[in-house]
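Chemist: I'm passing along entry.cif; it holds mmCIF, C-alpha atoms.
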data_upload
#
loop_
_atom_site.label_atom_id
_atom_site.label_comp_id
_atom_site.auth_asym_id
_atom_site.auth_seq_id
_atom_site.Cartn_x
_atom_site.Cartn_y
_atom_site.Cartn_z
CA MET A 1 74.18 16.48 12.53
CA CYS A 2 70.87 16.10 10.70
CA ARG A 3 69.41 19.31 9.26
CA ARG A 4 66.30 20.47 11.01
CA GLY A 5 63.31 21.61 9.04
CA THR A 6 62.00 25.17 8.95
CA LEU A 7 58.60 26.26 10.21
CA ILE A 8 57.03 28.72 7.77
CA GLY A 9 54.00 30.75 8.76
CA ILE A 10 51.98 31.67 5.69
CA GLY A 11 49.24 34.28 5.66
CA VAL A 12 46.66 33.13 3.12
CA GLY A 13 44.66 36.35 3.12
CA PRO A 14 40.97 37.02 3.77
CA GLY A 15 39.35 34.37 1.59
CA ASP A 16 39.95 34.79 -2.14
CA THR A 17 42.62 32.40 -3.41
CA GLU A 18 43.77 35.03 -5.90
CA LEU A 19 44.77 37.29 -3.01
CA LEU A 20 47.55 34.93 -1.96
CA THR A 21 50.97 36.46 -2.49
CA LEU A 22 53.13 35.03 -5.26
CA LYS A 23 55.66 33.96 -2.63
CA ALA A 24 53.03 32.06 -0.66
CA ALA A 25 51.64 30.36 -3.76
CA LYS A 26 55.11 29.30 -4.91
CA LEU A 27 55.93 27.75 -1.56
CA LEU A 28 52.60 25.91 -1.41
CA GLU A 29 53.40 24.35 -4.76
CA GLU A 30 56.55 22.78 -3.26
CA ILE A 31 56.16 22.18 0.47
CA GLN A 32 55.76 18.59 1.70
CA VAL A 33 53.80 19.23 4.92
CA ILE A 34 51.02 21.76 5.52
CA CYS A 35 49.58 22.44 8.96
CA SER A 36 46.07 23.91 8.97
CA PRO A 37 44.32 24.00 12.35
CA LYS A 38 40.55 23.91 12.56
CA SER A 39 38.15 24.82 15.34
CA SER A 40 36.38 21.45 15.51
CA LYS A 41 36.49 18.01 13.96
CA ASP A 42 33.25 18.66 12.10
CA LYS A 43 34.32 21.93 10.45
CA GLU A 44 36.62 22.39 7.50
CA SER A 45 39.56 24.73 7.78
CA ILE A 46 38.82 28.00 5.97
CA ALA A 47 42.55 28.56 5.45
CA LEU A 48 42.84 25.13 3.82
CA SER A 49 39.88 25.86 1.54
CA ILE A 50 41.66 29.01 0.35
CA VAL A 51 44.84 27.17 -0.70
CA ASP A 52 43.02 24.06 -1.96
CA PRO A 53 42.86 25.20 -5.63
CA ILE A 54 46.64 25.61 -5.61
CA ILE A 55 47.68 22.41 -3.88
CA ARG A 56 45.24 20.25 -5.89
CA GLU A 57 47.09 21.23 -9.05
CA ARG A 58 50.24 19.56 -7.75
CA GLU A 59 51.26 16.33 -9.44
CA ASP A 60 52.24 14.96 -6.04
CA TYR A 61 49.03 16.03 -4.30
CA ASP A 62 48.32 12.48 -3.09
CA GLU A 63 51.70 12.46 -1.34
CA LEU A 64 51.14 15.78 0.44
CA THR A 65 50.83 15.57 4.23
CA ILE A 66 48.17 17.81 5.77
CA LEU A 67 48.06 18.20 9.54
CA GLU A 68 44.77 19.49 10.96
CA PRO A 69 45.23 19.93 14.72
CA LEU A 70 42.29 21.18 16.76
CA PHE A 71 42.40 24.76 18.01
CA PRO A 72 38.93 24.99 19.58
CA MET A 73 37.24 28.32 20.26
CA ILE A 74 37.12 28.06 24.04
CA GLU A 75 38.15 30.44 26.81
CA ASN A 76 39.86 27.90 29.10
CA LYS A 77 43.54 28.87 28.79
CA LYS A 78 44.84 25.68 30.38
CA LYS A 79 42.92 23.47 27.95
CA LEU A 80 43.95 25.63 25.01
CA GLU A 81 47.61 25.34 25.90
CA LYS A 82 47.33 21.57 25.73
CA TYR A 83 46.00 21.84 22.16
CA TRP A 84 48.80 24.26 21.25
CA ASP A 85 51.40 22.00 22.82
CA ASP A 86 50.09 18.97 20.93
CA ALA A 87 50.11 20.87 17.62
CA SER A 88 53.64 22.14 18.25
CA GLN A 89 54.84 18.62 18.99
CA ALA A 90 53.24 17.25 15.82
CA ILE A 91 55.03 19.93 13.80
CA ALA A 92 58.33 19.34 15.64
CA ASP A 93 58.19 15.65 14.72
CA TYR A 94 58.55 16.64 11.06
CA LEU A 95 61.05 19.43 11.69
CA ASN A 96 63.31 16.98 13.54
CA LYS A 97 63.38 14.83 10.40
CA GLY A 98 64.59 17.78 8.33
CA ILE A 99 61.17 18.36 6.76
CA ASP A 100 59.88 21.91 6.37
CA VAL A 101 56.34 22.63 7.55
CA ALA A 102 54.05 25.39 6.28
CA PHE A 103 51.54 26.64 8.84
CA ILE A 104 48.72 28.39 6.98
CA THR A 105 46.57 30.99 8.69
CA LEU A 106 43.86 33.45 7.67
CA GLY A 107 44.95 37.01 6.98
CA ASP A 108 48.47 37.74 8.20
CA PRO A 109 50.45 35.52 10.62
CA SER A 110 51.36 38.47 12.84
CA ILE A 111 47.79 39.69 13.50
CA PHE A 112 45.52 37.67 15.83
CA SER A 113 46.85 34.49 14.29
CA THR A 114 46.76 30.87 15.48
CA PHE A 115 50.30 30.64 14.13
CA SER A 116 51.62 32.73 17.03
CA TYR A 117 50.88 29.94 19.52
CA VAL A 118 53.18 27.42 17.85
CA GLN A 119 55.67 30.12 16.82
CA LYS A 120 56.32 30.95 20.49
CA ARG A 121 56.80 27.30 21.37
CA LEU A 122 59.16 26.40 18.53
CA LYS A 123 61.18 29.52 17.70
CA ASP A 124 63.93 28.83 20.25
CA ASN A 125 64.77 25.42 18.79
CA TYR A 126 63.92 25.74 15.10
CA THR A 127 64.25 28.24 12.29
CA VAL A 128 60.98 30.10 11.81
CA LYS A 129 60.08 32.21 8.77
CA VAL A 130 56.95 34.21 8.04
CA ILE A 131 55.28 35.06 4.74
CA PRO A 132 52.85 37.94 5.31
CA GLY A 133 49.33 38.00 3.94
CA ILE A 134 46.58 40.50 3.20
CA THR A 135 44.59 41.28 6.34
CA SER A 136 40.82 40.97 6.56
CA PHE A 137 40.32 44.60 7.48
CA THR A 138 42.32 46.03 4.58
CA ALA A 139 40.34 43.75 2.27
CA CYS A 140 37.14 45.04 3.89
CA ALA A 141 38.19 48.65 3.30
CA SER A 142 38.72 47.80 -0.37
CA ALA A 143 35.29 46.19 -0.55
CA CYS A 144 33.74 49.35 0.94
CA ASP A 145 35.80 51.63 -1.30
CA ILE A 146 37.00 53.80 1.59
CA PRO A 147 40.45 54.70 2.95
CA LEU A 148 40.86 53.48 6.50
CA VAL A 149 43.15 56.31 7.56
CA GLU A 150 44.71 59.40 5.99
CA LYS A 151 47.62 61.69 6.90
CA ASN A 152 48.20 61.48 10.68
CA GLN A 153 44.99 59.68 11.59
CA VAL A 154 45.05 56.85 14.13
CA LEU A 155 43.70 53.39 13.31
CA THR A 156 42.75 51.01 16.12
CA VAL A 157 42.02 47.31 15.62
CA VAL A 158 39.69 45.87 18.26
CA PRO A 159 39.59 42.06 18.53
CA LYS A 160 37.03 41.86 21.33
CA ILE A 161 34.24 44.21 22.31
CA ASP A 162 34.56 45.09 26.01
CA ASP A 163 34.77 48.10 28.35
CA ARG A 164 37.97 49.32 26.66
CA LEU A 165 36.09 50.40 23.55
CA GLU A 166 34.73 53.61 25.04
CA ASP A 167 38.25 54.84 25.84
CA ILE A 168 39.53 53.72 22.44
CA MET A 169 36.94 55.85 20.66
CA SER A 170 38.28 58.99 22.31
CA TYR A 171 41.60 58.87 20.46
CA SER A 172 40.89 56.82 17.32
CA ASP A 173 40.02 58.28 13.94
CA SER A 174 39.08 54.88 12.53
CA ILE A 175 38.23 51.64 14.29
CA VAL A 176 38.24 48.09 12.98
CA LEU A 177 35.87 45.89 14.98
CA MET A 178 36.59 42.21 14.47
CA LYS A 179 33.89 39.53 14.69
CA THR A 180 31.10 41.99 15.38
CA SER A 181 28.40 39.36 14.83
CA ARG A 182 28.64 38.44 18.53
CA ASN A 183 26.88 41.48 20.04
CA PRO A 184 25.84 43.96 17.30
CA GLU A 185 23.05 45.68 19.27
CA GLU A 186 25.21 46.58 22.26
CA LEU A 187 28.03 47.62 19.96
CA GLU A 188 25.79 49.87 17.87
CA LYS A 189 24.57 51.72 20.95
CA LEU A 190 28.12 52.31 22.16
CA ILE A 191 29.39 53.60 18.82
CA GLU A 192 26.37 55.83 18.28
CA SER A 193 26.89 57.32 21.75
CA LYS A 194 29.89 59.19 20.40
CA ASN A 195 28.26 62.36 19.14
CA LYS A 196 30.35 62.71 16.01
CA GLU A 197 29.73 62.25 12.31
CA LYS A 198 30.83 58.82 11.20
CA ILE A 199 30.85 56.31 8.36
CA ILE A 200 30.05 52.70 9.30
CA TYR A 201 30.31 49.65 7.08
CA SER A 202 30.09 45.96 7.94
CA VAL A 203 31.46 43.27 5.66
CA GLU A 204 30.48 39.63 5.89
CA ASN A 205 32.69 36.91 4.40
CA CYS A 206 34.99 39.42 2.74
CA THR A 207 36.36 38.40 -0.71
CA ARG A 208 34.50 35.06 -0.57
CA ASP A 209 31.57 34.08 -2.80
CA GLU A 210 29.12 35.02 -0.01
CA GLU A 211 30.61 38.49 0.51
CA LYS A 212 28.08 41.05 1.66
CA VAL A 213 28.74 44.77 2.28
CA ILE A 214 26.29 46.50 4.60
CA GLU A 215 26.07 50.19 5.40
CA GLY A 216 25.92 50.32 9.20
CA PHE A 217 25.95 47.30 11.49
CA SER A 218 25.17 43.78 10.33
CA LYS A 219 22.15 42.11 11.91
CA ASP A 220 23.21 38.72 10.54
CA LYS A 221 25.34 36.27 12.45
CA PRO A 222 28.15 34.98 10.19
CA TYR A 223 31.41 34.36 12.03
CA LEU A 224 33.49 36.31 9.52
CA THR A 225 32.01 39.77 10.02
CA THR A 226 34.12 42.90 10.37
CA THR A 227 32.85 46.43 10.97
CA LEU A 228 34.74 49.57 9.97
CA VAL A 229 33.99 52.84 11.76
CA LYS A 230 35.51 56.03 10.39
CA PHE A 231 34.91 59.28 12.30
CA ILE A 232 34.61 62.42 10.21
CA ASP A 233 36.15 65.69 11.36
#
I need this file expressed as structure tokens, please.

Modeler:
Amino acid sequence: MCRRGTLIGIGVGPGDTELLTLKAAKLLEEIQVICSPKSSKDKESIALSIVDPIIREREDYDELTILEPLFPMIENKKKLEKYWDDASQAIADYLNKGIDVAFITLGDPSIFSTFSYVQKRLKDNYTVKVIPGITSFTACASACDIPLVEKNQVLTVVPKIDDRLEDIMSYSDSIVLMKTSRNPEELEKLIESKNKEKIIYSVENCTRDEEKVIEGFSKDKPYLTTTLVKFID
């Protein structure tokens, strides 16, 4: 029976190529197929741009296969599943030939990652491995020079700002607000409504050349904006 390939989810970190783990870098120097989804045909994959300096150093770079399936940023679940199914099938075509595939994703593969969609579809029929990566919010905390949590404090990561946030604030010592560029004014009012001393930092494009650390909420609109809120006892 022909050996099947292994699907390897690789977290490439928040943006700086030097923040790749040694294990991830080593694998990217050897793997034959890299899958790097992008949100539209006209946009480059940020994850691919992070690993580009490493893979371009390979002597066999011209022979490297790079899959760039579309994972559009839409809310229609039925349409999204078709994109995820198509990407999973494209990966399976290589796995069935005994070829390993590295699926690269921003941050860590286990946290709000596009990798999870193909992982669920392929894990029952193929071997799946995961190489963790540095998360965006821990990188943001480093950029702000603050500890996210201490001792028995509770950290909550919020991927979408909705009516759950008010309840979350009641039991969280620190909150990570992902992609806060979408509705900063409404968010600021809600956070400020909690009558408690707090530290607030927003980080745009963390660890990238355009990184910007702002005390308070960002009024800019870059996609990669994360806000850290730390309540002070």

Chemist: List as a VMD selection string the protein and nucleic acid residues near region 136-144 of chain A, meaning an atom at most 9 Å away when all atoms listed in the file are counted, but skip any in the same chain fewer than 4 places from it.

Modeler: chain A and resid 13 to 15 106 to 108 148 157 176 to 178 201 to 204 206 to 207 213 to 215 226 to 228

Chemist: Using C-alpha atoms, can you write the selected residues to a file as a PDB file, in the frame of the given file?

Modeler:
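This is the output file part34.pdb:
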ATOM      1  CA  GLY A  13      44.660  36.350   3.120  1.00  0.00           C
ATOM      2  CA  PRO A  14      40.970  37.020   3.770  1.00  0.00           C
ATOM      3  CA  GLY A  15      39.350  34.370   1.590  1.00  0.00           C
ATOM      4  CA  LEU A 106      43.860  33.450   7.670  1.00  0.00           C
ATOM      5  CA  GLY A 107      44.950  37.010   6.980  1.00  0.00           C
ATOM      6  CA  ASP A 108      48.470  37.740   8.200  1.00  0.00           C
ATOM      7  CA  LEU A 148      40.860  53.480   6.500  1.00  0.00           C
ATOM      8  CA  VAL A 157      42.020  47.310  15.620  1.00  0.00           C
ATOM      9  CA  VAL A 176      38.240  48.090  12.980  1.00  0.00           C
ATOM     10  CA  LEU A 177      35.870  45.890  14.980  1.00  0.00           C
ATOM     11  CA  MET A 178      36.590  42.210  14.470  1.00  0.00           C
ATOM     12  CA  TYR A 201      30.310  49.650   7.080  1.00  0.00           C
ATOM     13  CA  SER A 202      30.090  45.960   7.940  1.00  0.00           C
ATOM     14  CA  VAL A 203      31.460  43.270   5.660  1.00  0.00           C
ATOM     15  CA  GLU A 204      30.480  39.630   5.890  1.00  0.00           C
ATOM     16  CA  CYS A 206      34.990  39.420   2.740  1.00  0.00           C
ATOM     17  CA  THR A 207      36.360  38.400  -0.710  1.00  0.00           C
ATOM     18  CA  VAL A 213      28.740  44.770   2.280  1.00  0.00           C
ATOM     19  CA  ILE A 214      26.290  46.500   4.600  1.00  0.00           C
ATOM     20  CA  GLU A 215      26.070  50.190   5.400  1.00  0.00           C
ATOM     21  CA  THR A 226      34.120  42.900  10.370  1.00  0.00           C
ATOM     22  CA  THR A 227      32.850  46.430  10.970  1.00  0.00           C
ATOM     23  CA  LEU A 228      34.740  49.570   9.970  1.00  0.00           C
TER      24      LEU A 228
END

Chemist: Using only C-alpha atoms, find all polymer residues with an atom at most 8 Å away from the point (57.1, 31.1, 14.8); report them as a PyMOL selection string.

Modeler: chain A and resi 7-9+115-123+128-130

Chemist: Give me the residues near Leu27 (chain A) as an MDAnalysis selection string, where near means some atom within 10 Å (using only C-alpha atoms) and where sequence neighbours in that chain fewer than 2 positions away do not count.

Modeler: chainID A and resid 8 10 22:25 29:32 102 131

Chemist: How far is it from CA of Thr6 (chain A) to CA of Ser88 (chain A), in Å with one decimal?

Modeler: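 Rounded to one decimal, the two atoms are 12.9 Å apart.
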
Chemist: I would like the residues chosen by the PyMOL selection byres ((chain A and resi 17) around 10) on the shown file; could you give them as a list in words?

Modeler: Val12, Gly13, Pro14, Gly15, Asp16, Glu18, Leu19, Leu20, Thr21, Ala25, Ala47, Ser49, Ile50, Val51, Asp52, Pro53, Ile54, Thr207 and Arg208 of chain A

Chemist: List the residues matched by the PyMOL selection byres ((chain A and resi 172) around 9) in the displayed structure as a PyMOL selection string, ordered by chain and then by residue number.

Modeler: chain A and resi 153-156+168-171+173-175+230-231

Chemist: What would the file look like if the residues just selected were written as a compact mmCIF listing (two decimals), keeping the file's coordinate frame with C-alpha atoms?

Modeler:
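Once everything was written out, this is selection12.txt:
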# COMPACT_ATOMS: atom_id res chain seq x y z
CA GLN A 153 44.99 59.68 11.59
CA VAL A 154 45.05 56.85 14.13
CA LEU A 155 43.70 53.39 13.31
CA THR A 156 42.75 51.01 16.12
CA ILE A 168 39.53 53.72 22.44
CA MET A 169 36.94 55.85 20.66
CA SER A 170 38.28 58.99 22.31
CA TYR A 171 41.60 58.87 20.46
CA ASP A 173 40.02 58.28 13.94
CA SER A 174 39.08 54.88 12.53
CA ILE A 175 38.23 51.64 14.29
CA LYS A 230 35.51 56.03 10.39
CA PHE A 231 34.91 59.28 12.30

Chemist: How many Å separate CA of Asn125 (chain A) from CA of Leu48 (chain A)?

Modeler: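 For CA of Asn125 (chain A) relative to CA of Leu48 (chain A), the distance reads 26.6 Å.
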
Chemist: Do you have the CA of Asn195 (chain A)-CA of Ser218 (chain A) distance handy?

Modeler: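 Result for CA of Asn195 (chain A) versus CA of Ser218 (chain A): 20.8 Å, one decimal.
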
Chemist: Exactly which residues make up the result of the PyMOL selection byres ((chain A and resi 91) around 10) on this file, given as a JSON list (two decimals) with C-alpha atoms, in the coordinates of the input?

Modeler:
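Result file is out-v5.json:
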[["chain", "number", "residue", "atom", "x", "y", "z"],
["A", 5, "GLY", "CA", 63.31, 21.61, 9.04],
["A", 6, "THR", "CA", 62.00, 25.17, 8.95],
["A", 7, "LEU", "CA", 58.60, 26.26, 10.21],
["A", 33, "VAL", "CA", 53.80, 19.23, 4.92],
["A", 34, "ILE", "CA", 51.02, 21.76, 5.52],
["A", 35, "CYS", "CA", 49.58, 22.44, 8.96],
["A", 67, "LEU", "CA", 48.06, 18.20, 9.54],
["A", 69, "PRO", "CA", 45.23, 19.93, 14.72],
["A", 85, "ASP", "CA", 51.40, 22.00, 22.82],
["A", 86, "ASP", "CA", 50.09, 18.97, 20.93],
["A", 87, "ALA", "CA", 50.11, 20.87, 17.62],
["A", 88, "SER", "CA", 53.64, 22.14, 18.25],
["A", 89, "GLN", "CA", 54.84, 18.62, 18.99],
["A", 90, "ALA", "CA", 53.24, 17.25, 15.82],
["A", 92, "ALA", "CA", 58.33, 19.34, 15.64],
["A", 93, "ASP", "CA", 58.19, 15.65, 14.72],
["A", 94, "TYR", "CA", 58.55, 16.64, 11.06],
["A", 95, "LEU", "CA", 61.05, 19.43, 11.69],
["A", 96, "ASN", "CA", 63.31, 16.98, 13.54],
["A", 99, "ILE", "CA", 61.17, 18.36, 6.76],
["A", 100, "ASP", "CA", 59.88, 21.91, 6.37],
["A", 101, "VAL", "CA", 56.34, 22.63, 7.55],
["A", 102, "ALA", "CA", 54.05, 25.39, 6.28],
["A", 103, "PHE", "CA", 51.54, 26.64, 8.84],
["A", 118, "VAL", "CA", 53.18, 27.42, 17.85],
["A", 122, "LEU", "CA", 59.16, 26.40, 18.53]]

Chemist: Considering all atoms listed in the file, can you say which of A:Thr114, A:Glu68, A:Asp162, A:Ile46 comes closest to Glu81 (chain A)?

Modeler: A:Thr114

Chemist: For Asp60 (chain A), which residue out of A:Leu28, A:Lys43, A:Arg4, A:Leu80 is the nearest one, using all atoms listed in the file?

Modeler: A:Leu28

Chemist: Calculated over all atoms listed in the file, which of the candidates A:Arg58, A:Lys219, A:Lys196, A:Lys38 has the smallest distance to Thr105 (chain A)?

Modeler: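 Of A:Arg58, A:Lys219, A:Lys196, A:Lys38, the one nearest Thr105 (chain A) is A:Lys38, counting all atoms listed in the file.
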
Chemist: Find the residues around Met73 (chain A) up to 12 Å (all atoms listed in the file counted), leave out those fewer than 4 positions away in its own chain, and share them as a PyMOL selection string.

Modeler: chain A and resi 37-40+77+79-80+83+114+223

Chemist: Identify which of the residues A:Thr135, A:Gly98, A:Val229, A:Lys41 lies closest to Arg3 (chain A), counting all atoms listed in the file when measuring atom-to-atom distances.

Modeler: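 Of A:Thr135, A:Gly98, A:Val229, A:Lys41, the one nearest Arg3 (chain A) is A:Gly98, counting all atoms listed in the file.
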
Chemist: What box, with edges along x, y and z, holds each listed atom of region 152-161 of chain A when 4 Å is added on every side, and can you state its centre and edge lengths in Å to one decimal, as lines of an AutoDock Vina configuration file?

Modeler:
center_x = 41.2
center_y = 51.7
center_z = 16.5
size_x = 22.0
size_y = 27.6
size_z = 19.6
